[in-house]
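So this one's upload02.txt, compact mmCIF, C-alpha atoms:
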# COMPACT_ATOMS: atom_id res chain seq x y z
CA MET A 269 -3.91 -147.75 -3.48
CA SER A 270 -1.45 -144.98 -2.81
CA THR A 271 -2.48 -141.66 -1.29
CA PHE A 272 0.89 -140.62 0.03
CA HIS A 273 1.40 -137.43 -1.94
CA SER A 274 5.12 -137.48 -2.47
CA ASP A 275 5.54 -133.74 -2.84
CA GLY A 276 4.74 -133.12 0.84
CA ASN A 277 7.15 -133.07 3.81
CA THR A 278 10.82 -133.47 2.93
CA SER A 279 14.23 -133.37 4.49
CA PRO A 280 15.72 -129.87 4.94
CA GLY A 281 18.13 -130.30 2.04
CA GLY A 282 15.39 -130.64 -0.53
CA SER A 283 13.38 -127.60 0.49
CA ALA A 284 16.30 -125.29 1.15
CA SER A 285 17.66 -125.39 -2.39
CA ALA A 286 14.41 -125.68 -4.31
CA ALA A 287 14.42 -122.08 -5.43
CA SER A 288 17.78 -122.50 -7.15
CA ALA A 289 16.36 -125.26 -9.39
CA ARG A 290 13.18 -123.36 -10.32
CA SER A 291 12.67 -122.53 -13.97
CA THR A 292 10.18 -120.06 -15.39
CA ALA A 293 9.69 -122.08 -18.60
CA ARG A 294 6.30 -123.74 -18.99
CA ALA A 295 6.69 -127.37 -20.01
CA ALA A 296 4.10 -129.56 -21.74
CA THR A 297 4.84 -132.45 -19.34
CA PRO A 298 7.00 -132.86 -16.23
CA LEU A 299 9.62 -134.68 -18.31
CA ASP A 300 9.84 -131.69 -20.67
CA ASP A 301 10.52 -129.31 -17.79
CA PRO A 302 14.00 -127.76 -18.35
CA ALA A 303 14.61 -127.90 -14.58
CA VAL A 304 14.29 -131.70 -14.64
CA ALA A 305 16.79 -132.46 -17.40
CA PRO A 306 20.02 -131.90 -15.40
CA LEU A 307 18.77 -134.09 -12.54
CA LEU A 308 17.65 -136.81 -14.91
CA ALA A 309 21.17 -136.93 -16.32
CA GLN A 310 22.57 -137.50 -12.80
CA SER A 311 20.52 -140.58 -11.85
CA GLU A 312 20.69 -143.90 -13.67
CA THR A 313 17.97 -145.30 -11.41
CA LEU A 314 15.61 -142.48 -12.42
CA ARG A 315 16.32 -142.94 -16.13
CA ALA A 316 15.83 -146.71 -15.89
CA GLY A 317 12.57 -146.26 -13.98
CA LEU A 318 11.21 -143.88 -16.61
CA ALA A 319 12.24 -146.23 -19.40
CA GLY A 320 10.33 -149.06 -17.72
CA LEU A 321 7.33 -146.80 -17.17
CA ASN A 322 7.32 -145.85 -20.87
CA ALA A 323 7.70 -149.49 -21.95
CA ASP A 324 4.61 -150.33 -19.87
CA GLY A 325 2.61 -147.67 -21.67
CA TYR A 326 2.35 -145.18 -18.82
CA ALA A 327 2.45 -141.39 -19.17
CA VAL A 328 3.77 -138.66 -16.88
CA GLU A 329 1.37 -135.71 -16.77
CA TRP A 330 0.78 -132.45 -14.98
CA GLY A 331 -2.14 -132.51 -12.57
CA ALA A 332 -4.25 -129.84 -10.93
CA ALA A 333 -2.39 -127.31 -8.81
CA GLY A 334 -2.44 -128.20 -5.12
CA LYS A 335 -3.94 -131.67 -5.63
CA GLY A 336 -0.68 -133.52 -5.04
CA THR A 337 1.38 -136.04 -6.98
CA TYR A 338 0.17 -139.61 -7.22
CA TYR A 339 0.43 -142.93 -9.04
CA ASP A 340 -2.72 -143.69 -11.06
CA ALA A 341 -2.44 -147.32 -12.17
CA ARG A 342 -6.03 -147.48 -13.43
CA ASN A 343 -5.37 -144.74 -16.00
CA ARG A 344 -1.74 -145.78 -16.57
CA ARG A 345 -0.10 -142.55 -15.54
CA ILE A 346 1.86 -140.64 -12.91
CA VAL A 347 0.31 -137.27 -12.14
CA VAL A 348 2.58 -134.48 -10.89
CA ASP A 349 1.15 -131.46 -9.09
CA SER A 350 1.49 -128.52 -11.48
CA ASN A 351 2.56 -126.34 -8.57
CA ALA A 352 5.92 -128.12 -8.94
CA MET A 353 6.37 -126.83 -12.48
CA GLY A 354 9.85 -125.31 -12.87
CA ASP A 355 11.07 -126.80 -9.59
CA GLY A 356 13.26 -129.67 -10.76
CA GLU A 357 14.06 -130.96 -7.29
CA ARG A 358 10.42 -131.19 -6.26
CA VAL A 359 9.41 -132.86 -9.52
CA VAL A 360 12.19 -135.45 -9.32
CA ARG A 361 11.58 -136.14 -5.62
CA SER A 362 7.89 -136.79 -6.33
CA LEU A 363 8.47 -138.64 -9.57
CA SER A 364 11.05 -141.01 -8.10
CA HIS A 365 8.64 -141.89 -5.26
CA GLU A 366 5.82 -142.71 -7.67
CA LEU A 367 8.17 -144.74 -9.87
CA GLY A 368 8.83 -146.87 -6.80
CA HIS A 369 5.11 -147.66 -6.63
CA HIS A 370 5.14 -148.65 -10.30
CA LYS A 371 8.09 -150.99 -9.80
CA PHE A 372 6.54 -152.68 -6.75
CA LYS A 373 5.14 -156.03 -7.91
CA GLU A 374 4.35 -157.95 -4.72
CA PRO A 375 0.83 -159.46 -4.87
CA GLN A 376 -1.99 -158.06 -2.81
CA GLU A 377 -2.48 -159.74 0.59
CA TYR A 378 -6.03 -160.04 1.95
CA SER A 379 -5.64 -162.94 4.39
CA SER A 380 -5.78 -160.71 7.46
CA ARG A 381 -5.85 -157.08 8.47
CA SER A 382 -2.22 -157.07 9.61
CA ALA A 383 -1.05 -158.84 6.43
CA TYR A 384 -2.90 -156.32 4.27
CA VAL A 385 -1.48 -153.34 6.16
CA HIS A 386 2.03 -154.78 5.99
CA ARG A 387 1.83 -155.27 2.22
CA GLN A 388 0.56 -151.72 1.72
CA LEU A 389 3.38 -150.34 3.87
CA ARG A 390 5.95 -152.35 1.88
CA ASN A 391 4.59 -150.64 -1.23
CA GLU A 392 5.17 -147.28 0.45
CA GLY A 393 8.59 -148.52 1.55
CA ALA A 394 9.53 -149.39 -2.04
CA ALA A 395 8.50 -145.90 -3.18
CA THR A 396 10.46 -144.28 -0.36
CA LEU A 397 13.55 -146.37 -1.08
CA GLU A 398 13.40 -145.47 -4.79
CA ASN A 399 13.21 -141.78 -3.91
CA SER A 400 16.15 -142.11 -1.54
CA LEU A 401 18.28 -144.04 -4.06
CA VAL A 402 17.70 -141.38 -6.71
CA ARG A 403 18.62 -138.70 -4.17
CA ALA A 404 21.88 -140.52 -3.35
CA GLU A 405 22.83 -140.83 -7.03
CA ILE A 406 22.19 -137.15 -7.72
CA LEU A 407 24.24 -136.12 -4.69
CA ALA A 408 27.09 -138.45 -5.74
CA ALA A 409 27.08 -136.81 -9.18
CA GLY A 410 27.49 -133.37 -7.61
CA GLY A 411 23.84 -132.40 -7.90
CA PRO A 412 21.50 -130.82 -5.34
CA ASP A 413 19.75 -132.58 -2.46
CA ILE A 414 16.26 -133.35 -3.76
CA GLY A 415 15.21 -134.63 -0.33
CA VAL A 416 13.12 -137.67 0.59
CA SER A 417 9.34 -137.42 0.99
CA GLY A 418 8.02 -137.93 4.49
CA ARG A 419 8.39 -136.55 8.01
CA ASN A 420 10.95 -139.22 8.89
CA SER A 421 13.24 -138.53 5.94
CA ALA A 422 16.42 -138.74 8.04
CA ALA A 423 15.58 -142.33 9.02
CA TYR A 424 14.91 -143.29 5.40
CA GLU A 425 18.20 -141.76 4.29
CA ARG A 426 20.05 -143.69 7.02
CA ILE A 427 18.43 -146.98 6.01
CA THR A 428 19.29 -146.31 2.35
CA GLY A 429 22.90 -145.70 3.35
CA GLU A 430 22.99 -149.09 5.06
CA TYR A 431 21.57 -150.71 1.93
CA LEU A 432 24.03 -149.00 -0.42
CA ALA A 433 26.92 -149.99 1.85
CA GLY A 434 25.86 -153.64 1.55
CA ARG A 435 25.14 -154.05 5.26
CA ILE A 436 21.50 -154.96 4.63
CA ASP A 437 19.66 -156.37 1.61
CA ARG A 438 16.70 -154.79 -0.16
CA ASP A 439 14.11 -156.82 1.72
CA SER A 440 15.59 -155.76 5.06
CA ALA A 441 15.70 -152.14 3.91
CA LEU A 442 12.01 -152.26 2.99
CA ASN A 443 11.07 -153.81 6.32
CA ARG A 444 13.02 -151.17 8.22
CA ILE A 445 11.31 -148.41 6.29
CA VAL A 446 7.96 -150.08 7.02
CA GLY A 447 8.77 -149.94 10.74
CA VAL A 448 9.07 -146.17 10.47
CA PHE A 449 6.58 -145.35 7.73
CA GLY A 450 3.55 -146.54 9.67
CA ALA A 451 3.78 -143.34 11.73
CA GLU A 452 3.60 -141.10 8.65
CA VAL A 453 0.35 -139.20 8.07
CA PRO A 454 -1.55 -139.43 4.77
CA SER A 455 -1.95 -136.14 2.94
CA THR A 456 -5.64 -136.91 2.47
CA ASP A 457 -6.40 -137.48 6.15
CA HIS A 458 -4.33 -135.80 8.85
CA THR A 459 -6.34 -137.40 11.67
CA LYS A 460 -4.61 -140.80 11.47
CA ASN A 461 -1.30 -142.43 10.64
CA TYR A 462 -0.74 -145.00 7.89
CA LEU A 463 -1.21 -147.99 10.21
CA ASP A 464 -4.70 -146.71 10.99
CA TYR A 465 -5.37 -145.49 7.46
CA TYR A 466 -4.75 -148.83 5.76
CA GLY A 467 -6.27 -150.77 8.65
CA ASP A 468 -9.48 -148.75 8.46
CA HIS A 469 -9.59 -149.27 4.69
CA TYR A 470 -9.33 -153.02 5.23
CA ASP A 471 -12.18 -152.97 7.75
CA ALA A 472 -14.45 -150.74 5.67
CA LYS A 473 -13.77 -151.99 2.15
CA ILE A 474 -11.84 -155.25 2.04
CA VAL A 475 -13.71 -157.22 4.73
CA PRO A 476 -17.18 -156.63 3.17
CA TRP A 477 -15.79 -157.61 -0.24
CA LEU A 478 -14.20 -160.80 1.16
CA LYS A 479 -17.48 -161.74 2.83
CA SER A 480 -19.38 -161.10 -0.40
CA ILE A 481 -17.24 -163.68 -2.21
CA GLY A 482 -17.35 -166.18 0.65
CA LYS A 483 -13.88 -165.60 2.05
CA ILE A 484 -13.81 -164.70 5.74
CA PRO A 485 -10.58 -162.99 6.87
CA GLU A 486 -8.63 -164.20 9.87
CA PRO A 487 -9.73 -162.68 13.19
CA ILE A 488 -7.75 -159.72 14.45
CA SER A 489 -5.61 -160.55 17.48
CA ASP A 490 -6.00 -158.45 20.61
CA VAL A 491 -2.46 -157.19 20.07
CA GLN A 492 -3.00 -156.08 16.48
CA SER A 493 -6.35 -154.51 17.30
CA ASP A 494 -4.76 -152.19 19.85
CA LEU A 495 -1.58 -151.50 17.90
CA ASP A 496 -3.44 -150.54 14.74
CA ARG A 497 -4.84 -147.62 16.67
CA GLY A 498 -1.41 -145.97 16.75
CA HIS A 499 -0.10 -147.34 20.04
CA PRO A 500 3.51 -146.32 20.96
CA ALA A 501 4.63 -149.96 20.61
CA ALA A 502 3.22 -150.32 17.09
CA GLY A 503 6.41 -149.68 15.13
CA MET A 504 8.62 -151.96 17.21
CA TYR A 505 6.00 -154.72 17.34
CA ALA A 506 5.57 -154.65 13.55
CA SER A 507 9.34 -154.75 13.03
CA LEU A 508 9.89 -157.72 15.39
CA ARG A 509 6.76 -159.64 14.39
CA ARG A 510 8.16 -159.96 10.87
CA GLN A 511 11.46 -161.30 12.22
CA PHE A 512 10.05 -163.80 14.72
CA ALA A 513 8.87 -167.23 13.61
CA ALA A 514 5.10 -167.51 13.11
CA GLU A 515 4.74 -169.94 16.04
CA VAL A 516 5.98 -167.33 18.56
CA SER A 517 2.88 -165.79 20.12
CA ASP A 518 1.88 -162.18 19.56
CA ALA A 519 1.99 -161.64 23.34
CA THR A 520 5.64 -162.77 23.44
CA VAL A 521 6.59 -160.58 20.49
CA LEU A 522 4.87 -157.61 22.13
CA ALA A 523 6.70 -158.23 25.42
CA VAL A 524 10.07 -158.26 23.62
CA ALA A 525 9.05 -155.14 21.66
CA VAL A 526 8.36 -153.27 24.90
CA LYS A 527 11.75 -154.35 26.30
CA ALA A 528 13.39 -153.05 23.13
CA GLN A 529 11.51 -149.78 23.51
CA GLU A 530 12.73 -149.53 27.11
CA SER A 531 16.31 -150.24 25.98
CA GLY A 532 16.23 -147.27 23.62
CA ILE A 533 16.30 -149.28 20.40
CA LYS A 534 14.44 -147.65 17.51
CA ALA A 535 11.94 -149.66 15.48
CA GLY A 536 13.71 -149.09 12.19
CA ASP A 537 17.05 -150.24 13.65
CA ALA A 538 15.91 -153.41 15.46
CA GLU A 539 17.58 -156.67 14.41
CA LEU A 540 16.60 -160.04 15.87
CA ARG A 541 18.85 -163.04 16.57
CA MET A 542 17.63 -166.35 18.02
CA GLN A 543 19.42 -169.34 19.49
CA GLY A 544 17.23 -172.04 20.95
CA ASP A 545 14.86 -170.44 23.44
CA ARG A 546 16.89 -167.25 23.75
CA VAL A 547 16.48 -164.15 21.64
CA TRP A 548 18.61 -161.04 21.28
CA VAL A 549 17.52 -157.70 19.84
CA PHE A 550 20.30 -155.40 18.62
CA SER A 551 20.35 -151.84 17.38
CA SER A 552 21.91 -151.73 13.93
CA GLN A 553 22.85 -148.09 14.49
CA THR A 554 23.95 -147.79 18.13
CA PRO A 555 26.62 -150.25 19.36
CA GLY A 556 25.89 -151.58 22.84
CA PHE A 557 22.13 -151.13 22.54
CA ARG A 558 20.78 -154.65 22.90
CA LEU A 559 18.62 -156.87 25.07
CA GLN A 560 18.20 -160.58 25.76
CA ALA A 561 14.96 -162.43 26.41
CA ASP A 562 14.12 -166.00 27.43
CA LEU A 563 11.21 -167.38 25.40
CA THR A 564 10.51 -170.05 28.02
CA VAL A 565 9.40 -167.36 30.48
CA PRO A 566 5.66 -166.64 30.10
CA PRO A 567 5.14 -163.08 28.84
CA PRO A 568 3.06 -160.49 30.68
CA SER A 569 -0.52 -160.16 29.56
CA VAL A 570 -1.12 -158.13 26.41
CA GLN A 571 -2.77 -155.41 28.47
CA GLU A 572 0.18 -155.21 30.87
CA SER A 573 2.64 -154.87 27.97
CA LEU A 574 0.53 -152.21 26.29
CA GLU A 575 0.27 -150.24 29.52
CA ARG A 576 4.02 -150.51 30.11
CA SER A 577 4.72 -149.25 26.59
CA ALA A 578 2.39 -146.29 27.05
CA GLN A 579 4.06 -145.53 30.40
CA LEU A 580 7.52 -145.55 28.78
CA ASP A 581 6.29 -143.28 26.01
CA GLY A 582 4.87 -140.83 28.53
CA GLN A 583 8.14 -140.80 30.48
CA GLN A 584 10.09 -140.09 27.30
CA VAL A 585 7.81 -137.21 26.36
CA ALA A 586 8.07 -135.73 29.87
CA GLN A 587 11.87 -136.02 29.79
CA GLN A 588 12.06 -134.30 26.41
CA GLN A 589 9.83 -131.49 27.65
CA MET A 590 12.02 -131.09 30.73
CA LEU A 591 15.21 -130.95 28.66
CA SER A 592 13.58 -128.49 26.30
CA GLY A 593 12.72 -126.24 29.25
CA ILE A 594 16.26 -126.41 30.60
CA SER A 595 17.76 -125.54 27.21
CA ARG A 596 15.76 -122.33 27.15

What does this structure look like when you write it as structure tokens?
Amino acid sequence: MSTFHSDGNTSPGGSASAASARSTARAATPLDDPAVAPLLAQSETLRAGLAGLNADGYAVEWGAAGKGTYYDARNRRIVVDSNAMGDGERVVRSLSHELGHHKFKEPQEYSSRSAYVHRQLRNEGAATLENSLVRAEILAAGGPDIGVSGRNSAAYERITGEYLAGRIDRDSALNRIVGVFGAEVPSTDHTKNYLDYYGDHYDAKIVPWLKSIGKIPEPISDVQSDLDRGHPAAGMYASLRRQFAAEVSDATVLAVAVKAQESGIKAGDAELRMQGDRVWVFSSQTPGFRLQADLTVPPPSVQESLERSAQLDGQQVAQQQMLSGISR
């Protein structure tokens, strides 16, 4: 399931130069669009992805205007919004994202709500990383900035830079993108973020199906239940939960996540190190941003940690509003 229409919000570079790549020629398919050909020549990753797509028997087709671009595995195709016709940068940005979905082969995960949401977000992370890698190759070849789909494109570009520089591996890059992507908003439902969107889908569709076949999913922890509703600590908690050992309690992970939030570390930049009963959280982007925690100290209650996180978020918003007023 992928409803993230990849021709939506982009980084400034992609939208600013779109007009220059627009062609008036009407193409039978997106791959026949004359505006796409020069960009295709500048990205080996894009060419390889399309070759794999073709080998698997998938087509790339124009879709209805204004209905978005999406990966349709059931009908073995990628559908590109026909409003993008003649705009090579928009087509390639969307196409590279959907190719990332096609290349993502991790099995579905139904064991729990959080596991399901995490797997879905890794799928979105793979699509986002593919888009960002294609963008980097085109830029390196002297081409235009096609942009990266999503409101947090700058974060995705930064994570991709770390991956290309060899400072993190692909799995780490995906997990970092996941830590940011959960806050994105689906194009089909602007009332919730992706953490809520996939979580609600699990509750409404997956749980009844699991019960119908005699498989009862794991109960939702108090922490996950609150965080799946878009709590300010959600991104950091998700990032650290994946790095902590399974035997470390959710309450302890949440407590460390709130400390990281208070220290100014961003969810997508958080890196965990453990030695015995001590844990350190570092920022991969900002030297000096780190914290230390003692796992032998009982954590605050889940409610106390959640309230502290919300308080910190409110203080940050108030500070930003104050600075914005001063700058005027």

Who sits within 12 Å of Ala451 of chain A, all atoms listed in the file, same chain under 6 positions skipped, as JSON, numbers by chain: {"A": [389, 418, 419, 420, 445, 458, 459, 460, 461, 462, 463, 464, 465, 466, 495, 496, 497, 498, 499, 500, 501, 502, 503, 504, 506, 535, 536]}

Non-local contacts of Asp324 of chain A (10 Å; all atoms listed in the file; under 6 positions in same chain excluded) as a VMD selection string: chain A and resid 318 344 370

All residues 12 Å or closer to Val347 of chain A, only C-alpha atoms, same chain fewer than 4 positions away omitted, as an NGL selection string: :A and (273-275 or 297-299 or 326-341 or 343 or 351-352 or 359 or 362-363 or 365-367)

Pick from A:His369, A:Arg381, A:Arg546, A:Arg576, whichever lies nearest to Leu563 of chain A using all atoms listed in the file: A:Arg546

Pick from A:Ser379, A:Pro566, A:Leu508, A:Glu357, whichever lies nearest to Leu478 of chain A using all atoms listed in the file: A:Ser379

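Take atom CA of Asn399 of chain A and atom CA of Asp437 of chain A: the distance between them is 16.9 Å.
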
Distance of atom CA of Leu522 of chain A from atom CA of Arg509 of chain A, expressed in Å to one decimal place: 8.2 Å

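In this structure, atom CA of Ala472 of chain A sits 29.1 Å away from atom CA of Glu515 of chain A.
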
Because some atoms of segment 363-374 of chain A are absent here, can you restore all heavy atoms and send them as a PDB file, keeping the file's coordinate frame?
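Output saved as rebuild37.pdb:
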ATOM      1  N   LEU A 363       8.485-137.668  -8.491  1.00  0.00           N
ATOM      2  CA  LEU A 363       8.470-138.640  -9.570  1.00  0.00           C
ATOM      3  C   LEU A 363       9.181-139.932  -9.177  1.00  0.00           C
ATOM      4  O   LEU A 363       8.698-141.036  -9.456  1.00  0.00           O
ATOM      5  CB  LEU A 363       9.136-138.022 -10.802  1.00  0.00           C
ATOM      6  CG  LEU A 363       9.100-138.831 -12.100  1.00  0.00           C
ATOM      7  CD1 LEU A 363       7.666-139.153 -12.497  1.00  0.00           C
ATOM      8  CD2 LEU A 363       9.802-138.050 -13.213  1.00  0.00           C
ATOM      9  N   SER A 364      10.315-139.806  -8.507  1.00  0.00           N
ATOM     10  CA  SER A 364      11.050-141.010  -8.100  1.00  0.00           C
ATOM     11  C   SER A 364      10.243-141.833  -7.104  1.00  0.00           C
ATOM     12  O   SER A 364      10.260-143.072  -7.135  1.00  0.00           O
ATOM     13  CB  SER A 364      12.413-140.622  -7.496  1.00  0.00           C
ATOM     14  OG  SER A 364      12.280-139.778  -6.362  1.00  0.00           O
ATOM     15  N   HIS A 365       9.507-141.173  -6.213  1.00  0.00           N
ATOM     16  CA  HIS A 365       8.640-141.890  -5.260  1.00  0.00           C
ATOM     17  C   HIS A 365       7.573-142.679  -6.009  1.00  0.00           C
ATOM     18  O   HIS A 365       7.369-143.878  -5.743  1.00  0.00           O
ATOM     19  CB  HIS A 365       8.000-140.881  -4.304  1.00  0.00           C
ATOM     20  CG  HIS A 365       7.108-141.501  -3.275  1.00  0.00           C
ATOM     21  ND1 HIS A 365       7.504-141.746  -1.977  1.00  0.00           N
ATOM     22  CD2 HIS A 365       5.819-141.935  -3.356  1.00  0.00           C
ATOM     23  CE1 HIS A 365       6.516-142.305  -1.308  1.00  0.00           C
ATOM     24  NE2 HIS A 365       5.468-142.422  -2.124  1.00  0.00           N
ATOM     25  N   GLU A 366       6.904-142.037  -6.953  1.00  0.00           N
ATOM     26  CA  GLU A 366       5.820-142.710  -7.670  1.00  0.00           C
ATOM     27  C   GLU A 366       6.346-143.828  -8.574  1.00  0.00           C
ATOM     28  O   GLU A 366       5.666-144.841  -8.787  1.00  0.00           O
ATOM     29  CB  GLU A 366       5.012-141.688  -8.484  1.00  0.00           C
ATOM     30  CG  GLU A 366       4.436-140.533  -7.675  1.00  0.00           C
ATOM     31  CD  GLU A 366       3.653-140.959  -6.449  1.00  0.00           C
ATOM     32  OE1 GLU A 366       3.080-142.074  -6.456  1.00  0.00           O
ATOM     33  OE2 GLU A 366       3.611-140.192  -5.472  1.00  0.00           O
ATOM     34  N   LEU A 367       7.557-143.668  -9.096  1.00  0.00           N
ATOM     35  CA  LEU A 367       8.170-144.740  -9.870  1.00  0.00           C
ATOM     36  C   LEU A 367       8.396-145.977  -8.995  1.00  0.00           C
ATOM     37  O   LEU A 367       8.311-147.115  -9.470  1.00  0.00           O
ATOM     38  CB  LEU A 367       9.497-144.281 -10.470  1.00  0.00           C
ATOM     39  CG  LEU A 367       9.387-143.384 -11.704  1.00  0.00           C
ATOM     40  CD1 LEU A 367      10.752-142.800 -12.053  1.00  0.00           C
ATOM     41  CD2 LEU A 367       8.814-144.141 -12.894  1.00  0.00           C
ATOM     42  N   GLY A 368       8.681-145.752  -7.727  1.00  0.00           N
ATOM     43  CA  GLY A 368       8.830-146.870  -6.800  1.00  0.00           C
ATOM     44  C   GLY A 368       7.547-147.659  -6.659  1.00  0.00           C
ATOM     45  O   GLY A 368       7.559-148.893  -6.565  1.00  0.00           O
ATOM     46  N   HIS A 369       6.406-146.962  -6.664  1.00  0.00           N
ATOM     47  CA  HIS A 369       5.110-147.660  -6.630  1.00  0.00           C
ATOM     48  C   HIS A 369       4.929-148.494  -7.900  1.00  0.00           C
ATOM     49  O   HIS A 369       4.443-149.625  -7.847  1.00  0.00           O
ATOM     50  CB  HIS A 369       3.968-146.652  -6.518  1.00  0.00           C
ATOM     51  CG  HIS A 369       3.793-146.071  -5.154  1.00  0.00           C
ATOM     52  ND1 HIS A 369       3.656-146.844  -4.023  1.00  0.00           N
ATOM     53  CD2 HIS A 369       3.723-144.772  -4.734  1.00  0.00           C
ATOM     54  CE1 HIS A 369       3.501-146.061  -2.965  1.00  0.00           C
ATOM     55  NE2 HIS A 369       3.548-144.809  -3.369  1.00  0.00           N
ATOM     56  N   HIS A 370       5.308-147.930  -9.035  1.00  0.00           N
ATOM     57  CA  HIS A 370       5.140-148.650 -10.300  1.00  0.00           C
ATOM     58  C   HIS A 370       5.988-149.916 -10.347  1.00  0.00           C
ATOM     59  O   HIS A 370       5.554-150.943 -10.885  1.00  0.00           O
ATOM     60  CB  HIS A 370       5.504-147.735 -11.468  1.00  0.00           C
ATOM     61  CG  HIS A 370       5.349-148.397 -12.808  1.00  0.00           C
ATOM     62  ND1 HIS A 370       4.118-148.692 -13.338  1.00  0.00           N
ATOM     63  CD2 HIS A 370       6.275-148.850 -13.696  1.00  0.00           C
ATOM     64  CE1 HIS A 370       4.277-149.291 -14.516  1.00  0.00           C
ATOM     65  NE2 HIS A 370       5.579-149.403 -14.757  1.00  0.00           N
ATOM     66  N   LYS A 371       7.165-149.860  -9.765  1.00  0.00           N
ATOM     67  CA  LYS A 371       8.090-150.990  -9.800  1.00  0.00           C
ATOM     68  C   LYS A 371       7.751-152.065  -8.766  1.00  0.00           C
ATOM     69  O   LYS A 371       8.275-153.176  -8.818  1.00  0.00           O
ATOM     70  CB  LYS A 371       9.531-150.495  -9.603  1.00  0.00           C
ATOM     71  CG  LYS A 371      10.027-149.652 -10.762  1.00  0.00           C
ATOM     72  CD  LYS A 371      11.307-148.907 -10.425  1.00  0.00           C
ATOM     73  CE  LYS A 371      12.489-149.827 -10.284  1.00  0.00           C
ATOM     74  NZ  LYS A 371      13.752-149.053 -10.107  1.00  0.00           N
ATOM     75  N   PHE A 372       6.892-151.744  -7.821  1.00  0.00           N
ATOM     76  CA  PHE A 372       6.540-152.680  -6.750  1.00  0.00           C
ATOM     77  C   PHE A 372       5.561-153.720  -7.283  1.00  0.00           C
ATOM     78  O   PHE A 372       4.448-153.393  -7.697  1.00  0.00           O
ATOM     79  CB  PHE A 372       5.919-151.918  -5.582  1.00  0.00           C
ATOM     80  CG  PHE A 372       5.624-152.768  -4.372  1.00  0.00           C
ATOM     81  CD1 PHE A 372       6.647-153.217  -3.553  1.00  0.00           C
ATOM     82  CD2 PHE A 372       4.321-153.119  -4.058  1.00  0.00           C
ATOM     83  CE1 PHE A 372       6.382-154.000  -2.435  1.00  0.00           C
ATOM     84  CE2 PHE A 372       4.041-153.891  -2.943  1.00  0.00           C
ATOM     85  CZ  PHE A 372       5.076-154.330  -2.138  1.00  0.00           C
ATOM     86  N   LYS A 373       5.954-154.988  -7.282  1.00  0.00           N
ATOM     87  CA  LYS A 373       5.140-156.030  -7.910  1.00  0.00           C
ATOM     88  C   LYS A 373       4.663-157.115  -6.953  1.00  0.00           C
ATOM     89  O   LYS A 373       4.158-158.145  -7.392  1.00  0.00           O
ATOM     90  CB  LYS A 373       5.949-156.684  -9.043  1.00  0.00           C
ATOM     91  CG  LYS A 373       6.448-155.710 -10.105  1.00  0.00           C
ATOM     92  CD  LYS A 373       5.320-154.938 -10.778  1.00  0.00           C
ATOM     93  CE  LYS A 373       5.855-154.009 -11.850  1.00  0.00           C
ATOM     94  NZ  LYS A 373       4.778-153.176 -12.447  1.00  0.00           N
ATOM     95  N   GLU A 374       4.816-156.923  -5.649  1.00  0.00           N
ATOM     96  CA  GLU A 374       4.350-157.950  -4.720  1.00  0.00           C
ATOM     97  C   GLU A 374       2.824-158.062  -4.784  1.00  0.00           C
ATOM     98  O   GLU A 374       2.129-157.052  -4.866  1.00  0.00           O
ATOM     99  CB  GLU A 374       4.801-157.625  -3.291  1.00  0.00           C
ATOM    100  CG  GLU A 374       6.305-157.700  -3.100  1.00  0.00           C
ATOM    101  CD  GLU A 374       6.735-157.395  -1.672  1.00  0.00           C
ATOM    102  OE1 GLU A 374       5.862-157.351  -0.778  1.00  0.00           O
ATOM    103  OE2 GLU A 374       7.949-157.201  -1.458  1.00  0.00           O
TER     104      GLU A 374
END
